[in-house]
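Containing mmCIF, C-alpha atoms: protein10.cif.
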```cif
data_model
loop_
_atom_site.label_atom_id
_atom_site.label_comp_id
_atom_site.auth_asym_id
_atom_site.auth_seq_id
_atom_site.Cartn_x
_atom_site.Cartn_y
_atom_site.Cartn_z
CA MET A 4 6.31 11.95 -32.63
CA ASP A 5 2.54 12.46 -32.91
CA GLU A 6 2.55 11.55 -36.61
CA TYR A 7 3.57 8.01 -35.66
CA ILE A 8 0.90 7.36 -33.04
CA LEU A 9 -2.21 5.51 -34.17
CA ARG A 10 -5.66 6.36 -32.91
CA MET A 11 -7.43 3.72 -30.82
CA VAL A 12 -11.17 3.08 -30.99
CA PRO A 13 -12.70 0.98 -28.18
CA LYS A 14 -15.01 -1.78 -29.37
CA PRO A 15 -17.32 -4.24 -27.58
CA LEU A 16 -15.61 -6.66 -25.17
CA GLY A 17 -12.76 -4.20 -24.75
CA CYS A 18 -11.10 -4.94 -28.08
CA THR A 19 -8.89 -2.24 -29.53
CA TYR A 20 -8.32 -1.76 -33.24
CA LEU A 21 -5.82 0.24 -35.22
CA THR A 22 -7.74 2.64 -37.44
CA GLU A 23 -4.99 4.57 -39.19
CA ARG A 24 -1.81 3.62 -40.94
CA SER A 25 1.14 5.84 -40.24
CA ARG A 26 4.81 6.05 -41.01
CA MET A 27 6.76 3.18 -39.50
CA LEU A 28 9.03 4.00 -36.60
CA HIS A 29 12.46 2.43 -37.07
CA LEU A 30 14.13 1.37 -33.84
CA GLY A 31 17.25 0.25 -35.68
CA GLY A 32 19.89 -0.97 -33.27
CA GLU A 33 18.11 0.34 -30.16
CA GLN A 34 18.40 -1.96 -27.15
CA PRO A 35 15.40 -2.56 -24.89
CA MET A 36 15.47 -0.61 -21.64
CA ALA A 37 13.65 -3.53 -19.96
CA SER A 38 12.21 -6.89 -20.83
CA GLY A 39 9.64 -9.33 -19.54
CA SER A 40 8.41 -12.78 -20.43
CA LYS A 41 5.92 -11.37 -22.95
CA ARG A 42 7.20 -7.97 -24.07
CA LEU A 43 10.24 -5.83 -24.73
CA ILE A 44 10.25 -2.22 -23.50
CA TYR A 45 11.97 0.50 -25.52
CA THR A 46 12.40 4.21 -24.96
CA MET A 47 10.58 6.22 -27.61
CA PRO A 48 13.20 7.73 -29.96
CA ARG A 49 13.52 11.49 -29.46
CA ASN A 50 11.01 11.41 -26.61
CA PRO A 51 12.39 9.80 -23.42
CA GLU A 52 9.14 10.56 -21.57
CA LEU A 53 7.39 7.73 -23.48
CA VAL A 54 8.01 4.00 -23.67
CA LEU A 55 7.14 1.42 -26.32
CA LYS A 56 5.86 -2.02 -25.35
CA ILE A 57 6.36 -4.62 -28.09
CA ALA A 58 5.32 -8.28 -27.90
CA ARG A 59 8.14 -10.78 -28.09
CA LYS A 60 8.25 -12.91 -31.20
CA LYS A 61 6.71 -16.29 -30.40
CA ASN A 62 7.11 -19.71 -31.89
CA PHE A 63 4.13 -21.31 -33.63
CA ALA A 64 2.81 -23.14 -30.56
CA LYS A 65 2.84 -19.99 -28.44
CA ARG A 66 1.17 -17.99 -31.18
CA LEU A 67 -1.56 -20.62 -31.39
CA ARG A 68 -2.21 -20.34 -27.63
CA ARG A 69 -2.42 -16.56 -27.94
CA LEU A 70 -5.42 -16.92 -30.25
CA PHE A 71 -7.46 -17.70 -27.14
CA ARG A 72 -6.11 -14.79 -25.12
CA LYS A 73 -6.22 -11.07 -25.39
CA SER A 74 -2.76 -9.62 -25.97
CA ALA A 75 -0.99 -7.89 -23.09
CA ASN A 76 -0.89 -4.64 -25.06
CA ALA A 77 -4.63 -4.75 -25.74
CA ALA A 78 -5.35 -5.45 -22.06
CA ASP A 79 -3.09 -2.59 -20.92
CA ALA A 80 -4.67 -0.20 -23.41
CA TYR A 81 -8.21 -1.15 -22.42
CA TRP A 82 -7.76 -0.93 -18.65
CA CYS A 83 -5.56 2.18 -18.56
CA ARG A 84 -7.94 4.05 -20.86
CA LYS A 85 -10.95 2.88 -18.87
CA ILE A 86 -9.46 3.92 -15.52
CA HIS A 87 -8.38 7.35 -16.79
CA GLY A 88 -11.85 7.75 -18.30
CA MET A 89 -13.40 7.20 -14.87
CA ILE A 90 -10.73 9.04 -12.87
CA PRO A 91 -8.84 11.70 -14.84
CA ASP A 92 -5.17 11.99 -13.88
CA CYS A 93 -5.32 8.75 -11.91
CA ALA A 94 -1.86 8.16 -10.44
CA PHE A 95 -2.17 4.38 -10.01
CA VAL A 96 -1.85 3.52 -13.72
CA PRO A 97 0.16 5.08 -16.59
CA ARG A 98 -1.37 7.12 -19.38
CA VAL A 99 -1.72 5.31 -22.71
CA LEU A 100 -1.34 7.39 -25.88
CA GLY A 101 -2.04 4.76 -28.53
CA PHE A 102 -0.26 2.31 -30.80
CA VAL A 103 2.58 2.83 -33.24
CA CYS A 104 3.98 0.70 -36.06
CA THR A 105 7.67 -0.13 -35.64
CA ASP A 106 10.11 -2.34 -37.49
CA GLN A 107 9.94 -4.66 -34.45
CA GLY A 108 6.15 -4.92 -34.50
CA VAL A 109 3.16 -2.92 -33.28
CA ALA A 110 3.98 -1.12 -30.02
CA LEU A 111 1.82 0.30 -27.27
CA VAL A 112 2.86 3.85 -26.33
CA GLU A 113 2.75 4.72 -22.63
CA GLU A 114 4.08 7.45 -20.42
CA ARG A 115 7.32 6.67 -18.61
CA ILE A 116 6.93 6.63 -14.84
CA ARG A 117 9.37 9.03 -13.22
CA ASN A 118 10.06 10.37 -9.75
CA GLY A 119 9.64 13.95 -8.71
CA ASP A 120 13.29 14.65 -9.50
CA GLY A 121 13.00 13.22 -13.02
CA THR A 122 14.80 9.92 -12.35
CA PRO A 123 13.12 6.66 -13.50
CA ALA A 124 10.84 5.01 -10.95
CA LEU A 125 12.07 1.74 -9.44
CA GLN A 126 10.44 -1.60 -8.77
CA PRO A 127 9.60 -2.10 -5.07
CA VAL A 128 12.35 -4.64 -4.35
CA GLU A 129 15.04 -2.44 -5.87
CA PHE A 130 13.64 0.62 -4.08
CA ILE A 131 13.81 -1.12 -0.69
CA ARG A 132 17.35 -2.34 -1.30
CA ARG A 133 18.45 1.20 -2.09
CA PHE A 134 16.42 3.28 0.34
CA GLY A 135 14.76 0.99 2.86
CA ARG A 136 11.47 2.61 3.98
CA LEU A 137 9.62 -0.71 4.13
CA PRO A 138 6.58 0.64 6.07
CA ALA A 139 6.03 3.43 3.52
CA VAL A 140 6.45 1.01 0.61
CA ARG A 141 4.05 -1.45 2.20
CA GLN A 142 1.46 1.29 2.64
CA ALA A 143 1.82 2.40 -1.00
CA VAL A 144 1.37 -1.17 -2.25
CA GLU A 145 -1.68 -1.70 -0.04
CA GLU A 146 -3.24 1.53 -1.33
CA LEU A 147 -2.67 0.36 -4.92
CA PHE A 148 -4.35 -3.01 -4.36
CA ASP A 149 -7.22 -1.36 -2.48
CA PHE A 150 -7.77 0.92 -5.47
CA LEU A 151 -7.77 -2.00 -7.92
CA ALA A 152 -10.26 -3.95 -5.82
CA ARG A 153 -12.52 -0.96 -5.20
CA HIS A 154 -12.82 -0.20 -8.92
CA HIS A 155 -12.97 -3.87 -10.03
CA VAL A 156 -9.80 -3.65 -12.10
CA VAL A 157 -8.92 -7.14 -13.31
CA CYS A 158 -5.24 -8.11 -13.23
CA ASN A 159 -4.15 -11.48 -14.52
CA ASP A 160 -0.57 -11.43 -13.29
CA ILE A 161 0.25 -8.55 -10.97
CA SER A 162 3.48 -8.99 -9.03
CA GLU A 163 6.30 -6.94 -7.53
CA GLN A 164 7.87 -6.88 -11.01
CA ASN A 165 4.79 -5.20 -12.51
CA ILE A 166 4.77 -2.32 -10.01
CA LEU A 167 6.85 0.85 -9.99
CA LEU A 168 7.27 3.22 -7.05
CA ARG A 169 7.14 6.90 -7.89
CA HIS A 170 8.40 9.11 -5.06
CA HIS A 171 8.48 12.84 -4.54
CA LYS A 172 10.01 14.19 -1.33
CA HIS A 173 8.47 11.92 1.34
CA GLN A 174 5.51 10.68 -0.72
CA ILE A 175 5.57 7.23 -2.36
CA GLN A 176 3.03 6.25 -5.03
CA ALA A 177 2.73 2.68 -6.35
CA VAL A 178 1.89 2.38 -10.07
CA VAL A 179 0.89 -0.86 -11.80
CA VAL A 180 2.40 -0.98 -15.30
CA ASP A 181 1.69 -4.54 -16.43
CA GLY A 182 -0.42 -7.61 -15.75
CA PHE A 183 -3.89 -6.31 -16.70
CA GLY A 184 -6.59 -8.55 -18.10
CA ASP A 185 -8.25 -11.90 -17.45
CA ASN A 186 -6.81 -15.03 -19.04
CA HIS A 187 -9.04 -17.55 -17.25
CA LEU A 188 -11.06 -19.90 -19.45
CA ILE A 189 -14.02 -18.96 -17.28
CA PRO A 190 -13.37 -15.26 -16.52
CA TYR A 191 -14.62 -15.30 -12.95
CA PRO A 192 -12.60 -12.24 -11.82
CA SER A 193 -14.25 -10.21 -14.58
CA LEU A 194 -17.71 -11.53 -13.72
CA SER A 195 -17.53 -11.18 -9.95
CA SER A 196 -16.09 -8.22 -8.05
CA ARG A 197 -16.01 -10.37 -4.90
CA MET A 198 -13.89 -13.07 -6.56
CA ASN A 199 -11.67 -10.42 -8.15
CA ARG A 200 -11.13 -8.86 -4.72
CA ARG A 201 -10.16 -12.24 -3.26
CA LYS A 202 -7.69 -12.83 -6.06
CA LEU A 203 -6.16 -9.38 -5.61
CA GLU A 204 -5.89 -10.00 -1.87
CA ARG A 205 -3.84 -13.15 -2.52
CA LYS A 206 -1.64 -11.28 -4.99
CA LYS A 207 -1.13 -8.46 -2.49
CA GLU A 208 -0.04 -10.85 0.28
CA ARG A 209 2.44 -12.46 -2.10
CA VAL A 210 3.91 -9.09 -3.08
CA LEU A 211 4.22 -8.00 0.55
CA ARG A 212 6.02 -11.25 1.43
CA LYS A 213 8.48 -10.66 -1.41
CA LEU A 214 9.17 -7.17 -0.10
CA VAL A 215 9.89 -8.44 3.40
CA GLU A 216 12.20 -11.12 2.00
CA ALA A 217 14.08 -8.49 0.00
CA THR A 218 14.54 -6.14 2.94
CA PRO A 219 18.07 -6.10 4.42
CA ALA A 220 18.33 -7.34 8.00
CA ASP A 221 19.46 -3.97 9.38
CA VAL A 222 16.47 -2.25 7.78
CA MET A 223 14.09 -4.95 9.03
CA ALA A 224 15.35 -4.40 12.57
CA GLN A 225 14.19 -0.79 12.37
CA ASP A 226 10.65 -1.77 11.28
CA PRO A 227 8.48 -1.84 14.44
CA THR A 228 5.78 -3.90 12.70
CA LYS A 229 8.24 -6.83 12.33
CA ARG A 230 9.77 -6.91 15.75
#
```

Representation of the structure as structure tokens:
Amino acid sequence: MDEYILRMVPKPLGCTYLTERSRMLHLGGEQPMASGSKRLIYTMPRNPELVLKIARKKNFAKRLRRLFRKSANAADAYWCRKIHGMIPDCAFVPRVLGFVCTDQGVALVEERIRNGDGTPALQPVEFIRRFGRLPAVRQAVEELFDFLARHHVVCNDISEQNILLRHHKHQIQAVVVDGFGDNHLIPYPSLSSRMNRRKLERKKERVLRKLVEATPADVMAQDPTKR
């Protein structure tokens, strides 16, 4: 698979450029493993430990608006590379390998987040519905947001849908896999760590509320913090 991956070179303002052409990766009739409002997520052919993030095809009006915004793939690539450059083997964000040309468009290549037993990591709401453990999930989410605020990581749209929970034995680790970047006309979160922290605090409270709402009543009754 390495012959498909394109090298990334960071440029001023966090832009990322493709510097090599490579053989195109044909996804053929592959179905996305997940989808969001902006991107489709595919499993890398012949390497299930990697995922491909490909921007959805937009109509003309949406493409015009995107001229004024950095793409989600570029933002992910910039922030994940920056964080791993500061903190090698950081567990709060996935590793980014580069970009690859596919017949569906240019894709960002990331590691797939898995649990200790090799199963795919779940979003927090789905994790709670299956396993409960609300206090442990809450703590993992709070640790993630504290990390983002402490290192001034800017997230435009971080929600419970952009977080995966990786667990091994009794340990739960929250990983943010989407929502990086600053789409404000005046990028105040990027300019001010204090304002970024306040924004992250609001996002964290929203995520925690969603987790409580998703928790079954019998599990909630066992949570001493909600009695």

| task | Go through A:Glu113, A:Glu129, A:Glu204, A:Glu33 and flag the residue nearest Glu146 of chain A, using all atoms listed in the file for the distances. | result |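 Among A:Glu113, A:Glu129, A:Glu204, A:Glu33, it is A:Glu204 that comes nearest to Glu146 of chain A.
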
Within 12 Å of segment 38-61 of chain A, which residues of segment 178-202 of chain A show up? Give each one with its shortest atom-to-atom distance in Å (one decimal) and the two atoms involved, counting only C-alpha atoms, rows by chain then rising residue number, as a Markdown table.
```
| residue | atom | partner | partner_atom | distance |
| --- | --- | --- | --- | --- |
| A:Val180 | CA | A:Lys56 | CA | 10.7 |
| A:Asp181 | CA | A:Gly39 | CA | 9.8 |
| A:Gly182 | CA | A:Lys41 | CA | 10.3 |
```

| Residue nearest Ala75 of chain A - candidates A:Leu151, A:Leu211, A:Ala110, A:Val140, atoms counted: only C-alpha atoms |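 Residue with the minimum atom-to-atom distance to Ala75 of chain A: A:Ala110.
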
| Applied to this file, what does the PyMOL selection byres ((chain A and resi 82) around 10) return in terms of residues, put as a ChimeraX atom specification? | /A:17,77-81,83-88,96,99,156-158,183-184

| said: Given all atoms listed in the file as the basis, pick out the residue of A:Ile161, A:Gly31, A:Pro123, A:Val109 nearest to Arg209 of chain A. | reply: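 Using all atoms listed in the file, Arg209 of chain A sits closest to A:Ile161.
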
| field | Point-to-point distance from atom CA of Ile175 of chain A to atom CA of Ala143 of chain A, Å rounded to tenths | value |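 Computing it gives 6.3 Å between the two atoms.
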
| query | Quick one, how far is atom CA of Arg200 of chain A from atom CA of Asp160 of chain A? | reply | 13.8 Å
